[in-house]
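J.: The following file, my_file34.cif, comprises mmCIF, N, CA and C atoms:
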```
data_data
loop_
_atom_site.label_atom_id
_atom_site.label_comp_id
_atom_site.auth_asym_id
_atom_site.auth_seq_id
_atom_site.Cartn_x
_atom_site.Cartn_y
_atom_site.Cartn_z
N MET B 901 0.85 -1.18 0.00
CA MET B 901 0.00 0.00 0.00
C MET B 901 0.89 1.24 0.00
N ASN B 902 0.49 2.26 -0.73
CA ASN B 902 1.25 3.50 -0.83
C ASN B 902 0.96 4.41 0.36
N ALA B 903 1.97 5.21 0.68
CA ALA B 903 1.76 6.22 1.72
C ALA B 903 0.74 7.24 1.22
N GLN B 904 -0.05 7.78 2.12
CA GLN B 904 -1.10 8.74 1.78
C GLN B 904 -0.79 10.08 2.44
N SER B 905 -1.32 11.13 1.86
CA SER B 905 -1.25 12.45 2.48
C SER B 905 -2.62 12.81 3.02
N ALA B 906 -2.66 13.86 3.80
CA ALA B 906 -3.95 14.31 4.34
C ALA B 906 -4.90 14.69 3.21
N ALA B 907 -4.37 15.25 2.13
CA ALA B 907 -5.21 15.66 1.00
C ALA B 907 -5.94 14.47 0.39
N ALA B 908 -5.36 13.28 0.48
CA ALA B 908 -6.00 12.09 -0.07
C ALA B 908 -7.29 11.75 0.66
N TYR B 909 -7.50 12.34 1.84
CA TYR B 909 -8.70 12.07 2.63
C TYR B 909 -9.58 13.31 2.78
N SER B 910 -9.33 14.34 1.98
CA SER B 910 -10.13 15.56 2.11
C SER B 910 -11.61 15.31 1.87
N ASP B 911 -11.94 14.34 1.00
CA ASP B 911 -13.36 14.01 0.79
C ASP B 911 -13.98 13.43 2.05
N VAL B 912 -13.20 12.68 2.82
CA VAL B 912 -13.68 12.11 4.08
C VAL B 912 -13.97 13.24 5.08
N PHE B 913 -13.00 14.15 5.22
CA PHE B 913 -13.20 15.27 6.15
C PHE B 913 -14.41 16.10 5.74
N GLY B 914 -14.57 16.32 4.45
CA GLY B 914 -15.71 17.08 3.95
C GLY B 914 -17.04 16.40 4.23
N ALA B 915 -17.10 15.09 4.02
CA ALA B 915 -18.35 14.34 4.27
C ALA B 915 -18.69 14.34 5.75
N LEU B 916 -17.69 14.16 6.61
CA LEU B 916 -17.94 14.19 8.06
C LEU B 916 -18.46 15.56 8.48
N GLN B 917 -17.87 16.59 7.90
CA GLN B 917 -18.31 17.95 8.22
C GLN B 917 -19.73 18.19 7.69
N GLN B 918 -20.00 17.73 6.47
CA GLN B 918 -21.32 17.92 5.86
C GLN B 918 -22.43 17.30 6.71
N LEU B 919 -22.16 16.12 7.29
CA LEU B 919 -23.18 15.44 8.10
C LEU B 919 -23.09 15.80 9.58
N ASN B 920 -22.23 16.77 9.89
CA ASN B 920 -22.07 17.20 11.28
C ASN B 920 -21.78 16.02 12.19
N ALA B 921 -20.85 15.18 11.77
CA ALA B 921 -20.47 13.99 12.52
C ALA B 921 -19.18 14.26 13.29
N PRO B 922 -19.25 14.37 14.59
CA PRO B 922 -18.05 14.64 15.38
C PRO B 922 -17.04 13.49 15.27
N TYR B 923 -15.79 13.86 15.05
CA TYR B 923 -14.68 12.90 14.95
C TYR B 923 -13.40 13.65 15.28
N VAL B 924 -12.36 12.90 15.59
CA VAL B 924 -11.05 13.50 15.82
C VAL B 924 -10.01 12.61 15.15
N VAL B 925 -9.14 13.22 14.34
CA VAL B 925 -8.04 12.51 13.69
C VAL B 925 -6.96 12.24 14.74
N VAL B 926 -6.47 11.00 14.76
CA VAL B 926 -5.42 10.60 15.69
C VAL B 926 -4.31 9.86 14.93
N SER B 927 -3.33 9.42 15.65
CA SER B 927 -2.27 8.55 15.15
C SER B 927 -1.42 9.23 14.07
N GLY B 928 -0.99 8.45 13.08
CA GLY B 928 -0.04 8.94 12.09
C GLY B 928 -0.50 10.17 11.33
N MET B 929 -1.78 10.20 10.94
CA MET B 929 -2.28 11.36 10.20
C MET B 929 -2.27 12.60 11.08
N ALA B 930 -2.55 12.44 12.37
CA ALA B 930 -2.48 13.58 13.29
C ALA B 930 -1.04 14.08 13.40
N VAL B 931 -0.10 13.15 13.45
CA VAL B 931 1.32 13.52 13.48
C VAL B 931 1.67 14.35 12.24
N LEU B 932 1.24 13.85 11.09
CA LEU B 932 1.50 14.53 9.82
C LEU B 932 0.85 15.92 9.80
N LEU B 933 -0.39 16.01 10.24
CA LEU B 933 -1.10 17.30 10.23
C LEU B 933 -0.51 18.30 11.22
N HIS B 934 0.17 17.79 12.25
CA HIS B 934 0.85 18.69 13.19
C HIS B 934 2.23 19.09 12.70
N GLY B 935 2.62 18.56 11.52
CA GLY B 935 3.84 19.06 10.90
C GLY B 935 5.04 18.14 10.84
N HIS B 936 4.96 16.97 11.46
CA HIS B 936 6.09 16.03 11.40
C HIS B 936 5.90 15.12 10.19
N THR B 937 6.78 15.24 9.23
CA THR B 937 6.67 14.47 7.98
C THR B 937 7.11 13.04 8.21
N ARG B 938 6.25 12.13 7.85
CA ARG B 938 6.52 10.69 7.92
C ARG B 938 5.48 9.97 7.09
N PRO B 939 5.78 8.74 6.64
CA PRO B 939 4.80 8.02 5.83
C PRO B 939 3.55 7.68 6.64
N VAL B 940 2.39 7.84 6.01
CA VAL B 940 1.11 7.49 6.62
C VAL B 940 0.36 6.62 5.62
N PHE B 941 -0.16 5.50 6.10
CA PHE B 941 -0.79 4.54 5.20
C PHE B 941 -2.30 4.45 5.35
N ASP B 942 -2.85 5.14 6.36
CA ASP B 942 -4.29 5.12 6.55
C ASP B 942 -4.70 6.33 7.37
N LEU B 943 -5.98 6.47 7.56
CA LEU B 943 -6.54 7.54 8.38
C LEU B 943 -7.16 6.89 9.60
N ASP B 944 -6.77 7.34 10.78
CA ASP B 944 -7.37 6.87 12.03
C ASP B 944 -8.19 8.01 12.62
N ILE B 945 -9.46 7.71 12.92
CA ILE B 945 -10.32 8.70 13.57
C ILE B 945 -10.98 8.06 14.78
N VAL B 946 -11.26 8.90 15.76
CA VAL B 946 -12.06 8.48 16.92
C VAL B 946 -13.40 9.15 16.77
N ILE B 947 -14.47 8.38 17.01
CA ILE B 947 -15.82 8.94 16.92
C ILE B 947 -16.48 8.93 18.29
N SER B 948 -17.51 9.70 18.40
CA SER B 948 -18.29 9.82 19.62
C SER B 948 -18.89 8.47 20.02
N ASN B 949 -19.24 8.34 21.29
CA ASN B 949 -19.94 7.12 21.72
C ASN B 949 -21.45 7.31 21.69
N ASN B 950 -21.92 8.44 21.18
CA ASN B 950 -23.35 8.69 21.00
C ASN B 950 -23.81 7.94 19.75
N PRO B 951 -24.81 7.05 19.86
CA PRO B 951 -25.23 6.24 18.71
C PRO B 951 -25.63 7.06 17.48
N ASP B 952 -26.34 8.17 17.66
CA ASP B 952 -26.73 9.00 16.52
C ASP B 952 -25.50 9.58 15.82
N GLU B 953 -24.54 10.06 16.61
CA GLU B 953 -23.32 10.63 16.04
C GLU B 953 -22.46 9.55 15.38
N GLN B 954 -22.44 8.35 15.96
CA GLN B 954 -21.72 7.23 15.34
C GLN B 954 -22.33 6.90 13.98
N ASN B 955 -23.66 6.85 13.93
CA ASN B 955 -24.33 6.54 12.68
C ASN B 955 -24.04 7.59 11.61
N ARG B 956 -24.01 8.87 12.00
CA ARG B 956 -23.70 9.94 11.04
C ARG B 956 -22.27 9.80 10.52
N ALA B 957 -21.35 9.45 11.41
CA ALA B 957 -19.95 9.28 10.98
C ALA B 957 -19.83 8.12 9.99
N LEU B 958 -20.46 7.01 10.29
CA LEU B 958 -20.39 5.86 9.39
C LEU B 958 -21.10 6.16 8.07
N GLN B 959 -22.22 6.89 8.13
CA GLN B 959 -22.93 7.28 6.91
C GLN B 959 -22.04 8.17 6.04
N ALA B 960 -21.33 9.11 6.67
CA ALA B 960 -20.42 9.99 5.92
C ALA B 960 -19.34 9.18 5.21
N LEU B 961 -18.79 8.19 5.91
CA LEU B 961 -17.76 7.35 5.29
C LEU B 961 -18.32 6.53 4.14
N MET B 962 -19.53 6.02 4.30
CA MET B 962 -20.15 5.26 3.22
C MET B 962 -20.47 6.15 2.03
N MET B 963 -20.82 7.42 2.28
CA MET B 963 -21.11 8.37 1.20
C MET B 963 -19.92 8.52 0.25
N VAL B 964 -18.72 8.44 0.80
CA VAL B 964 -17.53 8.60 -0.03
C VAL B 964 -16.90 7.26 -0.40
N GLY B 965 -17.67 6.16 -0.20
CA GLY B 965 -17.27 4.87 -0.74
C GLY B 965 -16.62 3.88 0.20
N PHE B 966 -16.61 4.15 1.49
CA PHE B 966 -15.98 3.22 2.43
C PHE B 966 -16.96 2.17 2.93
N VAL B 967 -16.46 0.95 3.07
CA VAL B 967 -17.25 -0.18 3.55
C VAL B 967 -16.48 -0.83 4.69
N SER B 968 -17.19 -1.20 5.74
CA SER B 968 -16.58 -1.83 6.90
C SER B 968 -16.27 -3.30 6.62
N THR B 969 -15.16 -3.77 7.18
CA THR B 969 -14.83 -5.19 7.07
C THR B 969 -15.65 -6.03 8.03
N LEU B 970 -16.23 -5.41 9.06
CA LEU B 970 -17.11 -6.10 10.01
C LEU B 970 -18.46 -5.41 10.03
N MET B 971 -19.48 -6.20 10.04
CA MET B 971 -20.83 -5.63 10.07
C MET B 971 -21.40 -5.77 11.48
N ILE B 972 -20.82 -5.01 12.41
CA ILE B 972 -21.32 -5.00 13.78
C ILE B 972 -21.57 -3.55 14.18
N PRO B 973 -22.46 -3.32 15.12
CA PRO B 973 -22.73 -1.95 15.56
C PRO B 973 -21.48 -1.35 16.23
N PRO B 974 -21.25 -0.06 16.03
CA PRO B 974 -20.08 0.58 16.63
C PRO B 974 -20.01 0.42 18.15
N GLN B 975 -21.18 0.33 18.80
CA GLN B 975 -21.19 0.21 20.26
C GLN B 975 -20.51 -1.08 20.73
N LEU B 976 -20.42 -2.08 19.85
CA LEU B 976 -19.81 -3.36 20.21
C LEU B 976 -18.36 -3.47 19.77
N ALA B 977 -17.84 -2.46 19.10
CA ALA B 977 -16.50 -2.53 18.52
C ALA B 977 -15.54 -1.61 19.25
N THR B 978 -14.28 -1.96 19.20
CA THR B 978 -13.23 -1.05 19.61
C THR B 978 -12.80 -0.23 18.40
N VAL B 979 -12.62 -0.93 17.26
CA VAL B 979 -12.24 -0.25 16.02
C VAL B 979 -12.91 -0.95 14.84
N LEU B 980 -13.38 -0.15 13.90
CA LEU B 980 -13.94 -0.66 12.66
C LEU B 980 -12.97 -0.28 11.54
N ARG B 981 -12.51 -1.26 10.80
CA ARG B 981 -11.61 -1.00 9.68
C ARG B 981 -12.45 -0.90 8.41
N MET B 982 -12.26 0.20 7.68
CA MET B 982 -13.06 0.44 6.48
C MET B 982 -12.13 0.70 5.29
N PHE B 983 -12.55 0.23 4.11
CA PHE B 983 -11.78 0.42 2.89
C PHE B 983 -12.70 0.94 1.80
N ASP B 984 -12.10 1.65 0.83
CA ASP B 984 -12.86 2.02 -0.37
C ASP B 984 -12.29 1.25 -1.56
N GLN B 985 -12.84 1.49 -2.75
CA GLN B 985 -12.43 0.73 -3.94
C GLN B 985 -11.00 1.01 -4.35
N THR B 986 -10.44 2.12 -3.93
CA THR B 986 -9.04 2.43 -4.27
C THR B 986 -8.08 1.92 -3.20
N GLU B 987 -8.61 1.19 -2.22
CA GLU B 987 -7.85 0.60 -1.12
C GLU B 987 -7.36 1.61 -0.09
N ARG B 988 -7.98 2.81 -0.08
CA ARG B 988 -7.71 3.69 1.06
C ARG B 988 -8.32 3.04 2.29
N GLU B 989 -7.71 3.28 3.42
CA GLU B 989 -8.18 2.68 4.67
C GLU B 989 -8.48 3.76 5.70
N VAL B 990 -9.62 3.59 6.38
CA VAL B 990 -9.96 4.43 7.52
C VAL B 990 -10.24 3.48 8.69
N ASP B 991 -9.52 3.68 9.78
CA ASP B 991 -9.79 2.93 11.01
C ASP B 991 -10.60 3.85 11.92
N VAL B 992 -11.80 3.39 12.27
CA VAL B 992 -12.75 4.18 13.07
C VAL B 992 -12.73 3.62 14.49
N PHE B 993 -12.14 4.37 15.40
CA PHE B 993 -12.05 3.94 16.79
C PHE B 993 -13.31 4.36 17.54
N CYS B 994 -13.99 3.37 18.09
CA CYS B 994 -15.19 3.60 18.90
C CYS B 994 -14.82 3.70 20.37
N LYS B 995 -13.68 3.16 20.71
CA LYS B 995 -13.10 3.26 22.06
C LYS B 995 -11.63 3.59 21.85
N TYR B 996 -11.08 4.46 22.73
CA TYR B 996 -9.71 4.92 22.53
C TYR B 996 -9.04 5.15 23.87
N HIS B 997 -7.74 5.37 23.84
CA HIS B 997 -6.95 5.57 25.07
C HIS B 997 -7.39 6.81 25.85
N ILE B 998 -7.83 7.81 25.13
CA ILE B 998 -8.31 9.05 25.74
C ILE B 998 -9.80 9.16 25.42
N PRO B 999 -10.65 9.47 26.38
CA PRO B 999 -12.09 9.57 26.10
C PRO B 999 -12.38 10.57 24.99
N PHE B 1000 -13.40 10.25 24.18
CA PHE B 1000 -13.74 11.10 23.04
C PHE B 1000 -14.01 12.54 23.46
N THR B 1001 -14.74 12.72 24.56
CA THR B 1001 -15.09 14.10 24.97
C THR B 1001 -13.82 14.93 25.21
N GLN B 1002 -12.81 14.32 25.81
CA GLN B 1002 -11.56 15.06 26.04
C GLN B 1002 -10.83 15.31 24.71
N LEU B 1003 -10.78 14.29 23.84
CA LEU B 1003 -10.15 14.49 22.53
C LEU B 1003 -10.83 15.63 21.79
N TRP B 1004 -12.17 15.64 21.78
CA TRP B 1004 -12.94 16.65 21.07
C TRP B 1004 -12.69 18.05 21.64
N GLU B 1005 -12.79 18.17 22.96
CA GLU B 1005 -12.62 19.48 23.60
C GLU B 1005 -11.24 20.07 23.34
N ASP B 1006 -10.22 19.22 23.29
CA ASP B 1006 -8.85 19.69 23.11
C ASP B 1006 -8.43 19.77 21.64
N SER B 1007 -9.27 19.29 20.73
CA SER B 1007 -8.87 19.18 19.32
C SER B 1007 -8.74 20.54 18.65
N VAL B 1008 -8.06 20.53 17.51
CA VAL B 1008 -7.85 21.73 16.72
C VAL B 1008 -8.32 21.46 15.29
N GLU B 1009 -8.69 22.53 14.59
CA GLU B 1009 -9.05 22.40 13.18
C GLU B 1009 -7.84 22.78 12.34
N ILE B 1010 -7.51 21.93 11.38
CA ILE B 1010 -6.38 22.17 10.50
C ILE B 1010 -6.88 22.09 9.06
N ALA B 1011 -6.54 23.09 8.26
CA ALA B 1011 -6.98 23.14 6.87
C ALA B 1011 -6.37 22.00 6.07
N VAL B 1012 -7.22 21.34 5.28
CA VAL B 1012 -6.79 20.29 4.35
C VAL B 1012 -7.56 20.53 3.05
N GLU B 1013 -6.81 20.92 2.02
CA GLU B 1013 -7.43 21.23 0.73
C GLU B 1013 -8.55 22.25 0.93
N ASN B 1014 -9.77 21.94 0.50
CA ASN B 1014 -10.88 22.89 0.57
C ASN B 1014 -11.78 22.64 1.77
N THR B 1015 -11.26 21.96 2.79
CA THR B 1015 -12.05 21.68 4.00
C THR B 1015 -11.12 21.76 5.21
N VAL B 1016 -11.62 21.32 6.34
CA VAL B 1016 -10.78 21.26 7.54
C VAL B 1016 -10.90 19.88 8.16
N ALA B 1017 -9.85 19.50 8.86
CA ALA B 1017 -9.86 18.25 9.62
C ALA B 1017 -9.83 18.60 11.10
N ARG B 1018 -10.60 17.86 11.87
CA ARG B 1018 -10.60 18.03 13.33
C ARG B 1018 -9.54 17.07 13.85
N VAL B 1019 -8.47 17.59 14.46
CA VAL B 1019 -7.28 16.82 14.80
C VAL B 1019 -7.03 16.87 16.30
N ALA B 1020 -6.60 15.74 16.85
CA ALA B 1020 -6.24 15.69 18.27
C ALA B 1020 -5.16 16.73 18.55
N SER B 1021 -5.25 17.34 19.71
CA SER B 1021 -4.25 18.33 20.10
C SER B 1021 -2.86 17.68 20.11
N LEU B 1022 -1.85 18.51 19.94
CA LEU B 1022 -0.47 18.02 19.98
C LEU B 1022 -0.21 17.27 21.28
N GLU B 1023 -0.71 17.80 22.39
CA GLU B 1023 -0.50 17.16 23.69
C GLU B 1023 -1.14 15.77 23.73
N ASN B 1024 -2.36 15.63 23.19
CA ASN B 1024 -3.01 14.33 23.20
C ASN B 1024 -2.37 13.35 22.23
N VAL B 1025 -1.86 13.84 21.10
CA VAL B 1025 -1.13 12.96 20.17
C VAL B 1025 0.11 12.41 20.87
N VAL B 1026 0.87 13.29 21.51
CA VAL B 1026 2.09 12.87 22.22
C VAL B 1026 1.74 11.90 23.34
N LYS B 1027 0.71 12.21 24.11
CA LYS B 1027 0.28 11.35 25.23
C LYS B 1027 -0.05 9.94 24.72
N THR B 1028 -0.84 9.86 23.65
CA THR B 1028 -1.24 8.56 23.11
C THR B 1028 -0.05 7.80 22.56
N LYS B 1029 0.82 8.50 21.84
CA LYS B 1029 2.01 7.85 21.28
C LYS B 1029 2.88 7.28 22.40
N ARG B 1030 2.99 7.99 23.50
CA ARG B 1030 3.78 7.49 24.64
C ARG B 1030 3.10 6.28 25.29
N ILE B 1031 1.77 6.29 25.36
CA ILE B 1031 1.04 5.15 25.94
C ILE B 1031 1.30 3.90 25.12
N VAL B 1032 1.17 4.03 23.79
CA VAL B 1032 1.34 2.87 22.90
C VAL B 1032 2.80 2.44 22.90
N GLY B 1033 3.72 3.37 22.76
CA GLY B 1033 5.14 3.13 23.00
C GLY B 1033 5.91 2.28 22.00
N ARG B 1034 5.37 2.03 20.81
CA ARG B 1034 6.13 1.30 19.80
C ARG B 1034 7.27 2.19 19.32
N PRO B 1035 8.33 1.60 18.77
CA PRO B 1035 9.47 2.43 18.32
C PRO B 1035 9.07 3.58 17.40
N HIS B 1036 8.19 3.34 16.42
CA HIS B 1036 7.82 4.44 15.52
C HIS B 1036 6.97 5.48 16.24
N ASP B 1037 6.23 5.09 17.27
CA ASP B 1037 5.46 6.06 18.05
C ASP B 1037 6.40 6.99 18.81
N LEU B 1038 7.45 6.41 19.38
CA LEU B 1038 8.42 7.23 20.12
C LEU B 1038 9.21 8.13 19.18
N GLU B 1039 9.45 7.68 17.95
CA GLU B 1039 10.08 8.54 16.94
C GLU B 1039 9.15 9.70 16.59
N ASP B 1040 7.86 9.42 16.50
CA ASP B 1040 6.88 10.49 16.26
C ASP B 1040 6.91 11.52 17.37
N VAL B 1041 6.95 11.05 18.61
CA VAL B 1041 6.99 11.96 19.76
C VAL B 1041 8.23 12.86 19.67
N ALA B 1042 9.38 12.26 19.39
CA ALA B 1042 10.62 13.05 19.28
C ALA B 1042 10.51 14.08 18.16
N GLY B 1043 9.97 13.68 17.03
CA GLY B 1043 9.82 14.60 15.90
C GLY B 1043 8.87 15.74 16.22
N LEU B 1044 7.74 15.43 16.86
CA LEU B 1044 6.77 16.46 17.22
C LEU B 1044 7.34 17.43 18.26
N LEU B 1045 8.07 16.90 19.22
CA LEU B 1045 8.64 17.76 20.25
C LEU B 1045 9.72 18.67 19.68
N ARG B 1046 10.48 18.17 18.70
CA ARG B 1046 11.48 19.03 18.02
C ARG B 1046 10.77 20.20 17.33
N LEU B 1047 9.65 19.92 16.68
CA LEU B 1047 8.90 20.98 16.01
C LEU B 1047 8.36 21.99 17.01
N LYS B 1048 7.92 21.50 18.16
CA LYS B 1048 7.34 22.37 19.18
C LYS B 1048 8.38 23.33 19.73
N ASP B 1049 9.60 22.83 19.88
CA ASP B 1049 10.69 23.67 20.41
C ASP B 1049 11.16 24.58 19.31
#
```
Take the structure in the file and write it out as structure tokens.
T.:
Amino acid sequence: MNAQSAAAYSDVFGALQQLNAPYVVVSGMAVLLHGHTRPVFDLDIVISNNPDEQNRALQALMMVGFVSTLMIPPQLATVLRMFDQTEREVDVFCKYHIPFTQLWEDSVEIAVENTVARVASLENVVKTKRIVGRPHDLEDVAGLLRLKD
């Protein structure tokens, strides 16, 4: 799979915004959107635990061609992996290391093409990367902190 840029998912951000579906970009794409350049192979988002808001988020993803690999309600999942016909991947986290309400309250809007993406705050990206602690996560933390300084 090829590395993706944030622009490759601008239709996703636009659809989520159009349906007023609360979400927060996390993981590698959040690192990229905060300015640390590194390869990103998918889009990871966290969605609300409110069933109506979850349904709107999934509807927005389906509008732009994404289909879930599992057909279970979001309330029963930790993460739903979705793909489109071009093999772009969106991982939809229904449960995450940081509660959605905190991610949402601390999030920032970052321009992507002709729309905006709602992105986890730099502090929450660093916090999550440290919790997970894989070598590439710790490299992301170092890169983000260099940019901050």
J.: Run through the PyMOL selection byres ((chain B and resi 906-916) around 6) on the given coordinates and return the selected residues as a list in words.
T.: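 Selection result, ordered by chain and number: Gln904, Ser905, Gln917, Gln918, Leu919, Asn920, Ala921, Ala960, Val1012, Glu1013, Thr1015, Val1016 and Ala1017 of chain B.
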J.: Once the PyMOL selection byres ((chain B and resi 1000) around 7) has been evaluated on this model, what residues remain selected, and can you format them as a VMD selection string?
T.: chain B and resid 946 to 949 996 998 to 999 1001 to 1005
J.: Give the strand (DSSP E or B) residues of range 941-1032 of chain B, as DSSP finds them on the backbone, and put them as a list of chain:residue names.
T.: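 Across range 941-1032 of chain B, those assigned strand (DSSP E or B) are B:Leu943, B:Asp944, B:Ile945, B:Val946, B:Ile947, B:Val967, B:Ser968, B:Val979, B:Leu980, B:Arg981, B:Met982, B:Phe983, B:Glu989, B:Val990, B:Asp991, B:Val992, B:Phe993, B:Val1008, B:Glu1009, B:Ile1010, B:Ala1011, B:Val1012, B:Thr1015, B:Val1016, B:Ala1017, B:Arg1018, B:Val1019.
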J.: If I take atom C of Ala930 in chain B and CA of Thr978 in chain B, how far is one from the other in Å, to one decimal?
T.: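 Interatomic distance here is 20.4 Å.
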J.: Have a look at B:His1036, B:His997, B:Lys1048, B:Arg981 and name the one nearest to Asp944 in chain B; count only C-alpha atoms.
T.: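 For Asp944 in chain B, the nearest of the candidates is B:Arg981.
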J.: Which distance in Å separates CA of Ser968 in chain B and atom C of Glu953 in chain B, to one decimal?
T.: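 Straight-line distance from CA of Ser968 in chain B to atom C of Glu953 in chain B works out to 15.4 Å.
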J.: To test your reading of the syntax: which residues would the PyMOL selection byres (((chain B and resi 990-993 and name CA) around 9) and name CA) return for the file shown? Reply as a PDB file with N, CA and C atoms, in the coordinates of the input.
T.:
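Result file result-v2.pdb:
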```pdb
ATOM      1  N   ASP B 942      -2.850   5.140   6.360  1.00  0.00           N
ATOM      2  CA  ASP B 942      -4.290   5.120   6.550  1.00  0.00           C
ATOM      3  C   ASP B 942      -4.700   6.330   7.370  1.00  0.00           C
ATOM      4  N   LEU B 943      -5.980   6.470   7.560  1.00  0.00           N
ATOM      5  CA  LEU B 943      -6.540   7.540   8.380  1.00  0.00           C
ATOM      6  C   LEU B 943      -7.160   6.890   9.600  1.00  0.00           C
ATOM      7  N   ASP B 944      -6.770   7.340  10.780  1.00  0.00           N
ATOM      8  CA  ASP B 944      -7.370   6.870  12.030  1.00  0.00           C
ATOM      9  C   ASP B 944      -8.190   8.010  12.620  1.00  0.00           C
ATOM     10  N   ILE B 945      -9.460   7.710  12.920  1.00  0.00           N
ATOM     11  CA  ILE B 945     -10.320   8.700  13.570  1.00  0.00           C
ATOM     12  C   ILE B 945     -10.980   8.060  14.780  1.00  0.00           C
ATOM     13  N   VAL B 946     -11.260   8.900  15.760  1.00  0.00           N
ATOM     14  CA  VAL B 946     -12.060   8.480  16.920  1.00  0.00           C
ATOM     15  C   VAL B 946     -13.400   9.150  16.770  1.00  0.00           C
ATOM     16  N   ILE B 947     -14.470   8.380  17.010  1.00  0.00           N
ATOM     17  CA  ILE B 947     -15.820   8.940  16.920  1.00  0.00           C
ATOM     18  C   ILE B 947     -16.480   8.930  18.290  1.00  0.00           C
ATOM     19  N   LEU B 958     -20.460   7.010  10.290  1.00  0.00           N
ATOM     20  CA  LEU B 958     -20.390   5.860   9.390  1.00  0.00           C
ATOM     21  C   LEU B 958     -21.100   6.160   8.070  1.00  0.00           C
ATOM     22  N   LEU B 961     -18.790   8.190   5.910  1.00  0.00           N
ATOM     23  CA  LEU B 961     -17.760   7.350   5.290  1.00  0.00           C
ATOM     24  C   LEU B 961     -18.320   6.530   4.140  1.00  0.00           C
ATOM     25  N   PHE B 966     -16.610   4.150   1.490  1.00  0.00           N
ATOM     26  CA  PHE B 966     -15.980   3.220   2.430  1.00  0.00           C
ATOM     27  C   PHE B 966     -16.960   2.170   2.930  1.00  0.00           C
ATOM     28  N   PRO B 974     -21.250  -0.060  16.030  1.00  0.00           N
ATOM     29  CA  PRO B 974     -20.080   0.580  16.630  1.00  0.00           C
ATOM     30  C   PRO B 974     -20.010   0.420  18.150  1.00  0.00           C
ATOM     31  N   ALA B 977     -17.840  -2.460  19.100  1.00  0.00           N
ATOM     32  CA  ALA B 977     -16.500  -2.530  18.520  1.00  0.00           C
ATOM     33  C   ALA B 977     -15.540  -1.610  19.250  1.00  0.00           C
ATOM     34  N   THR B 978     -14.280  -1.960  19.200  1.00  0.00           N
ATOM     35  CA  THR B 978     -13.230  -1.050  19.610  1.00  0.00           C
ATOM     36  C   THR B 978     -12.800  -0.230  18.400  1.00  0.00           C
ATOM     37  N   VAL B 979     -12.620  -0.930  17.260  1.00  0.00           N
ATOM     38  CA  VAL B 979     -12.240  -0.250  16.020  1.00  0.00           C
ATOM     39  C   VAL B 979     -12.910  -0.950  14.840  1.00  0.00           C
ATOM     40  N   LEU B 980     -13.380  -0.150  13.900  1.00  0.00           N
ATOM     41  CA  LEU B 980     -13.940  -0.660  12.660  1.00  0.00           C
ATOM     42  C   LEU B 980     -12.970  -0.280  11.540  1.00  0.00           C
ATOM     43  N   ARG B 981     -12.510  -1.260  10.800  1.00  0.00           N
ATOM     44  CA  ARG B 981     -11.610  -1.000   9.680  1.00  0.00           C
ATOM     45  C   ARG B 981     -12.450  -0.900   8.410  1.00  0.00           C
ATOM     46  N   MET B 982     -12.260   0.200   7.680  1.00  0.00           N
ATOM     47  CA  MET B 982     -13.060   0.440   6.480  1.00  0.00           C
ATOM     48  C   MET B 982     -12.130   0.700   5.290  1.00  0.00           C
ATOM     49  N   PHE B 983     -12.550   0.230   4.110  1.00  0.00           N
ATOM     50  CA  PHE B 983     -11.780   0.420   2.890  1.00  0.00           C
ATOM     51  C   PHE B 983     -12.700   0.940   1.800  1.00  0.00           C
ATOM     52  N   ASP B 984     -12.100   1.650   0.830  1.00  0.00           N
ATOM     53  CA  ASP B 984     -12.860   2.020  -0.370  1.00  0.00           C
ATOM     54  C   ASP B 984     -12.290   1.250  -1.560  1.00  0.00           C
ATOM     55  N   ARG B 988      -7.980   2.810  -0.080  1.00  0.00           N
ATOM     56  CA  ARG B 988      -7.710   3.690   1.060  1.00  0.00           C
ATOM     57  C   ARG B 988      -8.320   3.040   2.290  1.00  0.00           C
ATOM     58  N   GLU B 989      -7.710   3.280   3.420  1.00  0.00           N
ATOM     59  CA  GLU B 989      -8.180   2.680   4.670  1.00  0.00           C
ATOM     60  C   GLU B 989      -8.480   3.760   5.700  1.00  0.00           C
ATOM     61  N   CYS B 994     -13.990   3.370  18.090  1.00  0.00           N
ATOM     62  CA  CYS B 994     -15.190   3.600  18.900  1.00  0.00           C
ATOM     63  C   CYS B 994     -14.820   3.700  20.370  1.00  0.00           C
ATOM     64  N   LYS B 995     -13.680   3.160  20.710  1.00  0.00           N
ATOM     65  CA  LYS B 995     -13.100   3.260  22.060  1.00  0.00           C
ATOM     66  C   LYS B 995     -11.630   3.590  21.850  1.00  0.00           C
ATOM     67  N   TYR B 996     -11.080   4.460  22.730  1.00  0.00           N
ATOM     68  CA  TYR B 996      -9.710   4.920  22.530  1.00  0.00           C
ATOM     69  C   TYR B 996      -9.040   5.150  23.870  1.00  0.00           C
TER      70      TYR B 996
END
```
J.: Using only C-alpha atoms, determine which residues lie at most 10 Å from Glu1023 in chain B, disregarding the query and same-chain residues fewer than 6 positions distant; provide the list as a PyMOL selection string.
T.: chain B and resi 1006-1007+1029+1041+1044-1045
J.: Can you write just those residues out, N, CA and C atoms, as an mmCIF file, in the frame of the given file?
T.:
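In the end it all went to selection.cif:
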```
data_model
loop_
_atom_site.group_PDB
_atom_site.id
_atom_site.type_symbol
_atom_site.label_atom_id
_atom_site.label_comp_id
_atom_site.auth_asym_id
_atom_site.auth_seq_id
_atom_site.Cartn_x
_atom_site.Cartn_y
_atom_site.Cartn_z
ATOM 1 N N ASP B 1006 -10.220 19.220 23.290
ATOM 2 C CA ASP B 1006 -8.850 19.690 23.110
ATOM 3 C C ASP B 1006 -8.430 19.770 21.640
ATOM 4 N N SER B 1007 -9.270 19.290 20.730
ATOM 5 C CA SER B 1007 -8.870 19.180 19.320
ATOM 6 C C SER B 1007 -8.740 20.540 18.650
ATOM 7 N N LYS B 1029 0.820 8.500 21.840
ATOM 8 C CA LYS B 1029 2.010 7.850 21.280
ATOM 9 C C LYS B 1029 2.880 7.280 22.400
ATOM 10 N N VAL B 1041 6.950 11.050 18.610
ATOM 11 C CA VAL B 1041 6.990 11.960 19.760
ATOM 12 C C VAL B 1041 8.230 12.860 19.670
ATOM 13 N N LEU B 1044 7.740 15.430 16.860
ATOM 14 C CA LEU B 1044 6.770 16.460 17.220
ATOM 15 C C LEU B 1044 7.340 17.430 18.260
ATOM 16 N N LEU B 1045 8.070 16.900 19.220
ATOM 17 C CA LEU B 1045 8.640 17.760 20.250
ATOM 18 C C LEU B 1045 9.720 18.670 19.680
#
```
